[in-house]
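K.L.:
Sharing data.cif, mmCIF, C-alpha atoms and all ligand atoms:
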data_final
#
loop_
_atom_site.group_PDB
_atom_site.id
_atom_site.type_symbol
_atom_site.label_atom_id
_atom_site.label_comp_id
_atom_site.auth_asym_id
_atom_site.auth_seq_id
_atom_site.Cartn_x
_atom_site.Cartn_y
_atom_site.Cartn_z
ATOM 1 C CA MET A 1 -4.995 324.057 53.856
ATOM 2 C CA SER A 2 -4.165 325.935 57.011
ATOM 3 C CA ASP A 3 -4.255 329.699 56.876
ATOM 4 C CA ALA A 4 -0.865 329.987 58.484
ATOM 5 C CA ALA A 5 2.137 331.577 56.834
ATOM 6 C CA LEU A 6 5.876 331.573 57.300
ATOM 7 C CA VAL A 7 7.603 334.764 56.138
ATOM 8 C CA LEU A 8 11.261 334.895 55.109
ATOM 9 C CA PHE A 9 12.157 337.888 57.243
ATOM 10 C CA SER A 10 15.627 339.412 56.987
ATOM 11 C CA GLY A 11 14.845 342.803 58.513
ATOM 12 C CA GLY A 12 15.102 344.692 55.227
ATOM 13 C CA GLN A 13 12.526 346.900 53.517
ATOM 14 C CA ASP A 14 11.198 344.188 51.234
ATOM 15 C CA SER A 15 10.772 341.446 53.792
ATOM 16 C CA THR A 16 9.197 343.858 56.301
ATOM 17 C CA THR A 17 6.644 344.894 53.674
ATOM 18 C CA CYS A 18 6.010 341.194 52.978
ATOM 19 C CA LEU A 19 5.495 340.553 56.693
ATOM 20 C CA ALA A 20 2.909 343.343 56.912
ATOM 21 C CA TRP A 21 1.232 341.942 53.779
ATOM 22 C CA ALA A 22 1.027 338.480 55.385
ATOM 23 C CA LEU A 23 -0.205 339.842 58.735
ATOM 24 C CA ASP A 24 -2.966 341.620 56.853
ATOM 25 C CA ARG A 25 -4.395 338.425 55.348
ATOM 26 C CA PHE A 26 -3.371 335.256 57.230
ATOM 27 C CA ASP A 27 -4.528 334.108 60.683
ATOM 28 C CA ARG A 28 -1.150 333.051 62.000
ATOM 29 C CA VAL A 29 2.161 334.390 60.740
ATOM 30 C CA GLU A 30 5.587 333.180 61.831
ATOM 31 C CA THR A 31 8.943 334.536 60.704
ATOM 32 C CA VAL A 32 12.281 332.974 59.838
ATOM 33 C CA GLY A 33 15.679 334.611 59.442
ATOM 34 C CA PHE A 34 18.803 332.985 58.071
ATOM 35 C CA ASP A 35 22.306 333.573 59.338
ATOM 36 C CA TYR A 36 24.720 332.516 56.599
ATOM 37 C CA GLY A 37 27.774 334.413 57.720
ATOM 38 C CA GLN A 38 26.796 337.737 56.157
ATOM 39 C CA ARG A 39 29.564 340.286 56.515
ATOM 40 C CA HIS A 40 27.027 342.630 58.037
ATOM 41 C CA ARG A 41 24.495 341.268 60.434
ATOM 42 C CA VAL A 42 22.774 344.620 60.920
ATOM 43 C CA GLU A 43 19.678 343.386 59.106
ATOM 44 C CA LEU A 44 19.243 340.418 61.413
ATOM 45 C CA ASP A 45 19.657 342.700 64.418
ATOM 46 C CA CYS A 46 16.738 344.861 63.199
ATOM 47 C CA ARG A 47 14.250 342.007 63.256
ATOM 48 C CA ASP A 48 13.036 342.130 66.876
ATOM 49 C CA ALA A 49 12.399 345.880 66.780
ATOM 50 C CA LEU A 50 10.485 345.504 63.508
ATOM 51 C CA ARG A 51 8.299 342.682 64.820
ATOM 52 C CA ALA A 52 7.465 344.748 67.921
ATOM 53 C CA GLY A 53 6.842 347.814 65.772
ATOM 54 C CA LEU A 54 4.431 345.965 63.481
ATOM 55 C CA GLY A 55 2.475 344.717 66.510
ATOM 56 C CA ALA A 56 2.211 348.274 67.806
ATOM 57 C CA ILE A 57 0.770 349.548 64.509
ATOM 58 C CA ASN A 58 -2.178 347.174 64.342
ATOM 59 C CA LEU A 59 -3.730 345.094 67.130
ATOM 60 C CA ALA A 60 -4.902 342.369 64.721
ATOM 61 C CA TRP A 61 -1.338 342.066 63.404
ATOM 62 C CA LYS A 62 -0.069 341.730 66.965
ATOM 63 C CA THR A 63 -2.523 338.886 67.605
ATOM 64 C CA ARG A 64 -1.572 337.060 64.415
ATOM 65 C CA LEU A 65 2.181 337.402 64.774
ATOM 66 C CA GLY A 66 3.601 334.109 65.991
ATOM 67 C CA ASP A 67 7.024 332.698 66.703
ATOM 68 C CA ASP A 68 10.259 333.914 65.206
ATOM 69 C CA HIS A 69 12.842 331.374 64.079
ATOM 70 C CA THR A 70 16.484 331.855 63.194
ATOM 71 C CA VAL A 71 18.332 329.222 61.235
ATOM 72 C CA SER A 72 22.089 329.037 60.975
ATOM 73 C CA LEU A 73 23.275 328.372 57.430
ATOM 74 C CA ALA A 74 26.962 328.904 57.983
ATOM 75 C CA ALA A 75 27.709 326.311 55.297
ATOM 76 C CA LEU A 76 26.294 328.683 52.651
ATOM 77 C CA GLY A 77 28.837 331.343 53.623
ATOM 78 C CA GLU A 78 31.606 328.740 53.575
ATOM 79 C CA VAL A 79 30.937 327.569 50.029
ATOM 80 C CA SER A 80 30.229 330.958 48.449
ATOM 81 C CA ASN A 81 32.659 333.691 47.527
ATOM 82 C CA THR A 82 30.655 336.894 47.207
ATOM 83 C CA ALA A 83 30.755 340.517 48.306
ATOM 84 C CA LEU A 84 28.101 339.726 50.932
ATOM 85 C CA THR A 85 30.136 337.015 52.626
ATOM 86 C CA ARG A 86 33.741 338.002 51.875
ATOM 87 C CA ASP A 87 35.614 341.253 52.353
ATOM 88 C CA VAL A 88 35.736 342.250 48.681
ATOM 89 C CA ALA A 89 34.383 345.295 46.844
ATOM 90 C CA ILE A 90 30.986 345.168 45.133
ATOM 91 C CA ALA A 91 31.479 344.802 41.373
ATOM 92 C CA MET A 92 30.024 343.211 38.277
ATOM 93 C CA THR A 93 31.354 339.768 37.416
ATOM 94 C CA ASP A 94 32.310 338.474 33.979
ATOM 95 C CA GLY A 95 29.029 336.609 33.884
ATOM 96 C CA GLY A 96 27.089 339.891 34.014
ATOM 97 C CA LEU A 97 25.882 339.412 37.582
ATOM 98 C CA PRO A 98 26.900 341.585 40.541
ATOM 99 C CA ASN A 99 29.193 339.779 42.990
ATOM 100 C CA THR A 100 26.560 340.357 45.664
ATOM 101 C CA PHE A 101 24.808 337.344 44.155
ATOM 102 C CA VAL A 102 25.079 334.379 46.527
ATOM 103 C CA PRO A 103 24.567 331.312 44.304
ATOM 104 C CA GLY A 104 21.809 329.057 45.538
ATOM 105 C CA ARG A 105 20.750 331.401 48.322
ATOM 106 C CA ASN A 106 17.027 331.589 47.645
ATOM 107 C CA ILE A 107 16.883 327.916 46.662
ATOM 108 C CA ILE A 108 18.458 326.959 49.989
ATOM 109 C CA PHE A 109 16.393 329.489 51.963
ATOM 110 C CA LEU A 110 13.146 328.208 50.486
ATOM 111 C CA ALA A 111 14.061 324.553 51.059
ATOM 112 C CA PHE A 112 14.790 325.263 54.736
ATOM 113 C CA ALA A 113 11.709 327.468 55.040
ATOM 114 C CA ALA A 114 9.586 324.649 53.632
ATOM 115 C CA ALA A 115 11.076 322.145 56.078
ATOM 116 C CA LEU A 116 10.254 324.552 58.916
ATOM 117 C CA ALA A 117 6.773 325.266 57.532
ATOM 118 C CA TYR A 118 6.199 321.504 57.333
ATOM 119 C CA ARG A 119 6.883 321.170 61.060
ATOM 120 C CA ARG A 120 4.925 324.320 61.982
ATOM 121 C CA GLY A 121 1.883 323.440 59.867
ATOM 122 C CA ALA A 122 2.102 326.517 57.654
ATOM 123 C CA ALA A 123 0.987 326.173 54.044
ATOM 124 C CA ARG A 124 2.053 329.614 52.831
ATOM 125 C CA ILE A 125 5.662 330.613 52.502
ATOM 126 C CA VAL A 126 6.132 334.317 51.812
ATOM 127 C CA GLY A 127 9.267 335.870 50.313
ATOM 128 C CA GLY A 128 10.248 339.270 48.933
ATOM 129 C CA MET A 129 11.679 338.021 45.650
ATOM 130 C CA CYS A 130 11.104 340.496 42.858
ATOM 131 C CA GLU A 131 11.684 340.337 39.130
ATOM 132 C CA THR A 132 10.898 343.975 38.344
ATOM 133 C CA ASP A 133 13.597 346.109 39.923
ATOM 134 C CA TYR A 134 16.125 343.500 40.794
ATOM 135 C CA SER A 135 19.841 343.135 40.308
ATOM 136 C CA GLY A 136 19.528 340.306 37.809
ATOM 137 C CA TYR A 137 19.589 337.567 40.410
ATOM 138 C CA PRO A 138 18.300 334.473 38.612
ATOM 139 C CA ASP A 139 16.900 332.975 41.815
ATOM 140 C CA CYS A 140 14.503 335.919 42.177
ATOM 141 C CA ARG A 141 12.753 335.081 38.922
ATOM 142 C CA ASP A 142 9.141 334.047 39.007
ATOM 143 C CA ASP A 143 9.949 330.884 37.044
ATOM 144 C CA THR A 144 12.584 329.881 39.622
ATOM 145 C CA ILE A 145 10.063 330.305 42.442
ATOM 146 C CA LYS A 146 7.325 328.420 40.581
ATOM 147 C CA ALA A 147 9.718 325.556 39.783
ATOM 148 C CA LEU A 148 10.755 325.434 43.447
ATOM 149 C CA GLN A 149 7.130 325.323 44.543
ATOM 150 C CA VAL A 150 6.600 322.260 42.364
ATOM 151 C CA ALA A 151 9.821 320.592 43.568
ATOM 152 C CA LEU A 152 9.140 321.274 47.260
ATOM 153 C CA ASN A 153 5.570 320.028 47.034
ATOM 154 C CA LEU A 154 6.654 316.833 45.283
ATOM 155 C CA GLY A 155 9.594 316.292 47.603
ATOM 156 C CA MET A 156 7.662 316.901 50.831
ATOM 157 C CA ASP A 157 4.237 315.706 49.678
ATOM 158 C CA ARG A 158 2.619 318.983 50.699
ATOM 159 C CA ARG A 159 0.661 321.803 49.087
ATOM 160 C CA PHE A 160 2.825 324.767 49.932
ATOM 161 C CA VAL A 161 2.081 328.015 48.139
ATOM 162 C CA LEU A 162 5.120 330.247 47.646
ATOM 163 C CA GLU A 163 3.755 333.778 47.890
ATOM 164 C CA THR A 164 5.828 336.609 46.391
ATOM 165 C CA PRO A 165 3.791 339.817 46.758
ATOM 166 C CA LEU A 166 6.605 342.001 45.399
ATOM 167 C CA MET A 167 7.334 339.923 42.289
ATOM 168 C CA TRP A 168 5.834 342.322 39.746
ATOM 169 C CA ILE A 169 6.135 345.681 41.485
ATOM 170 C CA ASP A 170 9.054 348.099 41.583
ATOM 171 C CA LYS A 171 10.655 349.808 44.587
ATOM 172 C CA ALA A 172 8.364 352.845 44.387
ATOM 173 C CA GLN A 173 5.359 350.528 44.448
ATOM 174 C CA THR A 174 6.864 348.657 47.420
ATOM 175 C CA TRP A 175 6.769 351.919 49.408
ATOM 176 C CA GLU A 176 3.223 352.452 48.134
ATOM 177 C CA LEU A 177 2.222 348.954 49.260
ATOM 178 C CA ALA A 178 3.584 349.647 52.747
ATOM 179 C CA ALA A 179 1.608 352.897 52.907
ATOM 180 C CA ALA A 180 -1.562 351.086 51.810
ATOM 181 C CA LEU A 181 -1.097 348.331 54.404
ATOM 182 C CA GLY A 182 -0.055 350.338 57.442
ATOM 183 C CA GLY A 183 -0.254 354.041 56.574
ATOM 184 C CA PRO A 184 2.403 356.546 57.633
ATOM 185 C CA ALA A 185 3.185 354.493 60.769
ATOM 186 C CA LEU A 186 4.389 351.563 58.685
ATOM 187 C CA VAL A 187 6.333 353.816 56.302
ATOM 188 C CA ASP A 188 8.020 355.442 59.321
ATOM 189 C CA LEU A 189 8.829 352.059 60.854
ATOM 190 C CA ILE A 190 10.438 350.892 57.597
ATOM 191 C CA VAL A 191 12.436 354.116 57.246
ATOM 192 C CA GLU A 192 13.678 354.033 60.839
ATOM 193 C CA LYS A 193 14.178 350.358 61.562
ATOM 194 C CA THR A 194 14.797 348.398 58.380
ATOM 195 C CA HIS A 195 18.202 347.943 56.895
ATOM 196 C CA THR A 196 19.102 347.525 53.249
ATOM 197 C CA CYS A 197 22.678 348.812 52.776
ATOM 198 C CA TYR A 198 25.134 346.208 51.463
ATOM 199 C CA LEU A 199 27.929 347.838 53.468
ATOM 200 C CA GLY A 200 26.101 347.619 56.795
ATOM 201 C CA ASP A 201 26.346 351.399 57.169
ATOM 202 C CA ARG A 202 23.873 353.048 59.603
ATOM 203 C CA GLY A 203 25.849 356.248 60.088
ATOM 204 C CA ALA A 204 23.785 358.573 57.911
ATOM 205 C CA ARG A 205 19.995 359.045 58.106
ATOM 206 C CA HIS A 206 18.479 359.907 54.723
ATOM 207 C CA GLU A 207 14.789 360.606 54.110
ATOM 208 C CA TRP A 208 14.467 356.976 52.940
ATOM 209 C CA GLY A 209 16.335 355.541 55.922
ATOM 210 C CA TYR A 210 19.861 354.615 56.946
ATOM 211 C CA GLY A 211 22.684 353.545 54.651
ATOM 212 C CA CYS A 212 25.803 354.568 52.770
ATOM 213 C CA GLY A 213 23.669 356.002 49.960
ATOM 214 C CA GLU A 214 26.092 354.737 47.319
ATOM 215 C CA CYS A 215 25.916 350.933 47.150
ATOM 216 C CA PRO A 216 23.457 349.313 44.696
ATOM 217 C CA ALA A 217 20.983 348.435 47.471
ATOM 218 C CA CYS A 218 20.956 351.992 48.860
ATOM 219 C CA ARG A 219 20.607 353.487 45.395
ATOM 220 C CA LEU A 220 17.663 351.234 44.545
ATOM 221 C CA ARG A 221 15.925 352.060 47.825
ATOM 222 C CA ALA A 222 16.543 355.821 47.497
ATOM 223 C CA GLU A 223 15.447 355.899 43.867
ATOM 224 C CA GLY A 224 12.214 354.040 44.717
ATOM 225 C CA TRP A 225 11.530 356.455 47.573
ATOM 226 C CA ARG A 226 11.993 359.497 45.303
ATOM 227 C CA ARG A 227 9.724 358.086 42.618
ATOM 228 C CA TRP A 228 7.069 357.222 45.204
ATOM 229 C CA ARG A 229 7.205 360.681 46.829
ATOM 230 C CA ARG A 230 6.899 362.338 43.399
ATOM 231 C CA SER A 231 3.904 360.260 42.363
ATOM 232 C CA PRO A 232 0.367 361.531 43.057
ATOM 233 C CA GLN A 233 -0.843 360.053 46.370
HETATM 234 ZN ZN ZN B 301 24.634 351.230 51.085
#
Will you turn the file into structure tokens for me?
Ligand code: ZN
P.N.:
Amino acid sequence: MSDAALVLFSGGQDSTTCLAWALDRFDRVETVGFDYGQRHRVELDCRDALRAGLGAINLAWKTRLGDDHTVSLAALGEVSNTALTRDVAIAMTDGGLPNTFVPGRNIIFLAFAAALAYRRGAARIVGGMCETDYSGYPDCRDDTIKALQVALNLGMDRRFVLETPLMWIDKAQTWELAAALGGPALVDLIVEKTHTCYLGDRGARHEWGYGCGECPACRLRAEGWRRWRRSPQ
């Protein structure tokens, strides 16, 4: 198995922490971002600055960081009707899921990531899916990811390992992981350059970063920051 990894890298807090995690342990690390017609492309626009910032924090990371890929998945935006791809307010649906859920998103992302990893010779595919602090998205569940790993390996006759370093930690522990990997420099980079807000708002700078402060993604990020800052360090 090659010691190369492909990281699903959106430019948010979680995927940036995952990228640092991968750079810390694998010899060659490439990144992939998906453009599926998100209403707000701010996250994707953050990616170059974050990659450069990670390289500036640690020389070994800079050496290991390989190509960046962007994949257009406009078809996903066309078939889905969610608050991330349509101009509608964020709300809970009758099914008990927030309408920020894009059905099939992680399944499609991981299938395309695996096809890219196949071509690039990377055996590890790293994603920020998390079951602990999540919004109830069924495609973030550990069982979903494990089932996909089996399906992708059978379907492509490979031995991919789907790595999800955030699966069992909460948002406070995600900040803690960033601090452990890259110290205050990485925490600062995530605060300043990553984007999480569902509304694409970068008007206000909070201690945890930029965002509206009110949407579910901002609230989760802010709450995790407060719990992390309160915990003994
Ligand atoms: Zn927000």
K.L.:
Find, counting only C-alpha atoms, the residue in A:Arg25, A:Lys193, A:Arg47, A:Arg105 that gets nearest to Val126 in chain A.
P.N.:
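Counting only C-alpha atoms, the residue closest to Val126 in chain A is A:Arg25.
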K.L.:
Pick the closest to Trp175 in chain A from A:Cys140, A:Ala49, A:Cys197, A:Leu220: which is it, counting only C-alpha atoms?
P.N.:
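Of the candidates, the smallest distance to Trp175 in chain A is held by A:Leu220.
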K.L.:
Write as a compact mmCIF listing (two decimals) with C-alpha atoms, keeping the file's coordinate frame the residues around ligand ZN 301 (chain B), taking 10 Å as the cut-off and counting all atoms listed in the file.
P.N.:
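out_11.txt, freshly written:
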# COMPACT_ATOMS: atom_id res chain seq x y z
CA HIS A 195 18.20 347.94 56.90
CA THR A 196 19.10 347.52 53.25
CA CYS A 197 22.68 348.81 52.78
CA TYR A 198 25.13 346.21 51.46
CA LEU A 199 27.93 347.84 53.47
CA GLY A 200 26.10 347.62 56.80
CA ASP A 201 26.35 351.40 57.17
CA ARG A 202 23.87 353.05 59.60
CA TYR A 210 19.86 354.62 56.95
CA GLY A 211 22.68 353.54 54.65
CA CYS A 212 25.80 354.57 52.77
CA GLY A 213 23.67 356.00 49.96
CA GLU A 214 26.09 354.74 47.32
CA CYS A 215 25.92 350.93 47.15
CA PRO A 216 23.46 349.31 44.70
CA ALA A 217 20.98 348.44 47.47
CA CYS A 218 20.96 351.99 48.86
CA ARG A 219 20.61 353.49 45.40
CA LEU A 220 17.66 351.23 44.54
CA ARG A 221 15.92 352.06 47.82
CA ALA A 222 16.54 355.82 47.50
K.L.:
Excluding Thr164 in chain A and residues on its chain fewer than 5 positions from it, collect all residues at most 7 Å away from it, counting all atoms listed in the file, and give them as a list of chain:residue names.
P.N.:
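After dropping sequence-adjacent residues, the list is A:Val126, A:Gly127, A:Gly128, A:Met129.
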K.L.:
Which value, in Å to one decimal, gives the distance between CA of Tyr36 in chain A and CA of Gly11 in chain A?
P.N.:
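Pair CA of Tyr36 in chain A / CA of Gly11 in chain A returns 14.4 Å.
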K.L.:
Which is closer to Ala5 in chain A than all the others in A:Glu78, A:Asp170, A:Glu163, A:Asp142, using all atoms listed in the file?
P.N.:
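Once distances to Ala5 in chain A are computed over all atoms listed in the file, the minimum belongs to A:Glu163.
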K.L.:
Which one of A:Ser10, A:Asn153, A:Thr16, A:Thr174 sits closest to Leu54 in chain A if you count all atoms listed in the file?
P.N.:
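The answer is A:Thr16, which sits nearest to Leu54 in chain A.
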K.L.:
Residue by residue, what does the PyMOL selection byres (((chain A and resi 177) around 12) and not hetatm) grab here? Present the result as a ChimeraX atom specification.
P.N.:
/A:13-14,16-21,24,165-166,169-176,178-184,186-187,190,228,233
K.L.:
List the residues selected by the PyMOL selection byres (((chain A and resi 107) around 10) and not hetatm) in the file shown, writing them as a PyMOL selection string.
P.N.:
chain A and resi 103-106+108-113+139-140+144-145+148
K.L.:
Might you spell out which residues the PyMOL selection byres (((chain A and resi 6) around 10) and not hetatm) would select in the displayed file, as a PyMOL selection string?
P.N.:
chain A and resi 4-5+7-9+19+22+26+28-32+66-69+113-114+116-117+120-127+162-163
K.L.:
Within 9 Å of Lys62 in chain A, counting only C-alpha atoms, which residues qualify if same-chain residues fewer than 6 places away don't, as a list in words?
P.N.:
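Counting only the stated atoms, we get Leu23, Arg51, Ala52, Leu54, Gly55 and Ala56 of chain A.
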K.L.:
Please write out, as lines of an AutoDock Vina configuration file, where the centre of an axis-aligned box around all listed atoms of range 201-208 of chain A lies and how long its edges are, in Å to one decimal, after adding 8 Å on each side.
P.N.:
center_x = 20.4
center_y = 356.0
center_z = 56.5
size_x = 27.9
size_y = 25.2
size_z = 23.1
K.L.:
Would you compute the distance between CA of Gly12 in chain A and CA of Pro138 in chain A? Give it in Å to one decimal.
P.N.:
19.8 Å
K.L.:
Could you jot down the CA of Ser72 in chain A to CA of Asp35 in chain A separation for me, Å, one decimal place?
P.N.:
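Result for CA of Ser72 in chain A versus CA of Asp35 in chain A: 4.8 Å, one decimal.
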K.L.:
Here is a test: counting all atoms listed in the file, which residue of A:Leu154, A:Leu44, A:Leu50, A:Leu76 is nearest to Asp188 in chain A?
P.N.:
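For Asp188 in chain A, the nearest of the given residues is A:Leu50.
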K.L.:
From (13.8, 346.9, 36.4), in the file's coordinates, out to 12 Å: which residues are reached, counting all atoms listed in the file? Answer as a list of chain:residue names.
P.N.:
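All residues meeting the 12 Å criterion around (13.8, 346.9, 36.4) are A:Cys130, A:Glu131, A:Thr132, A:Asp133, A:Tyr134, A:Ser135, A:Gly136, A:Tyr137, A:Met167, A:Trp168, A:Ile169, A:Asp170, A:Lys171, A:Ala172, A:Leu220, A:Glu223, A:Gly224.
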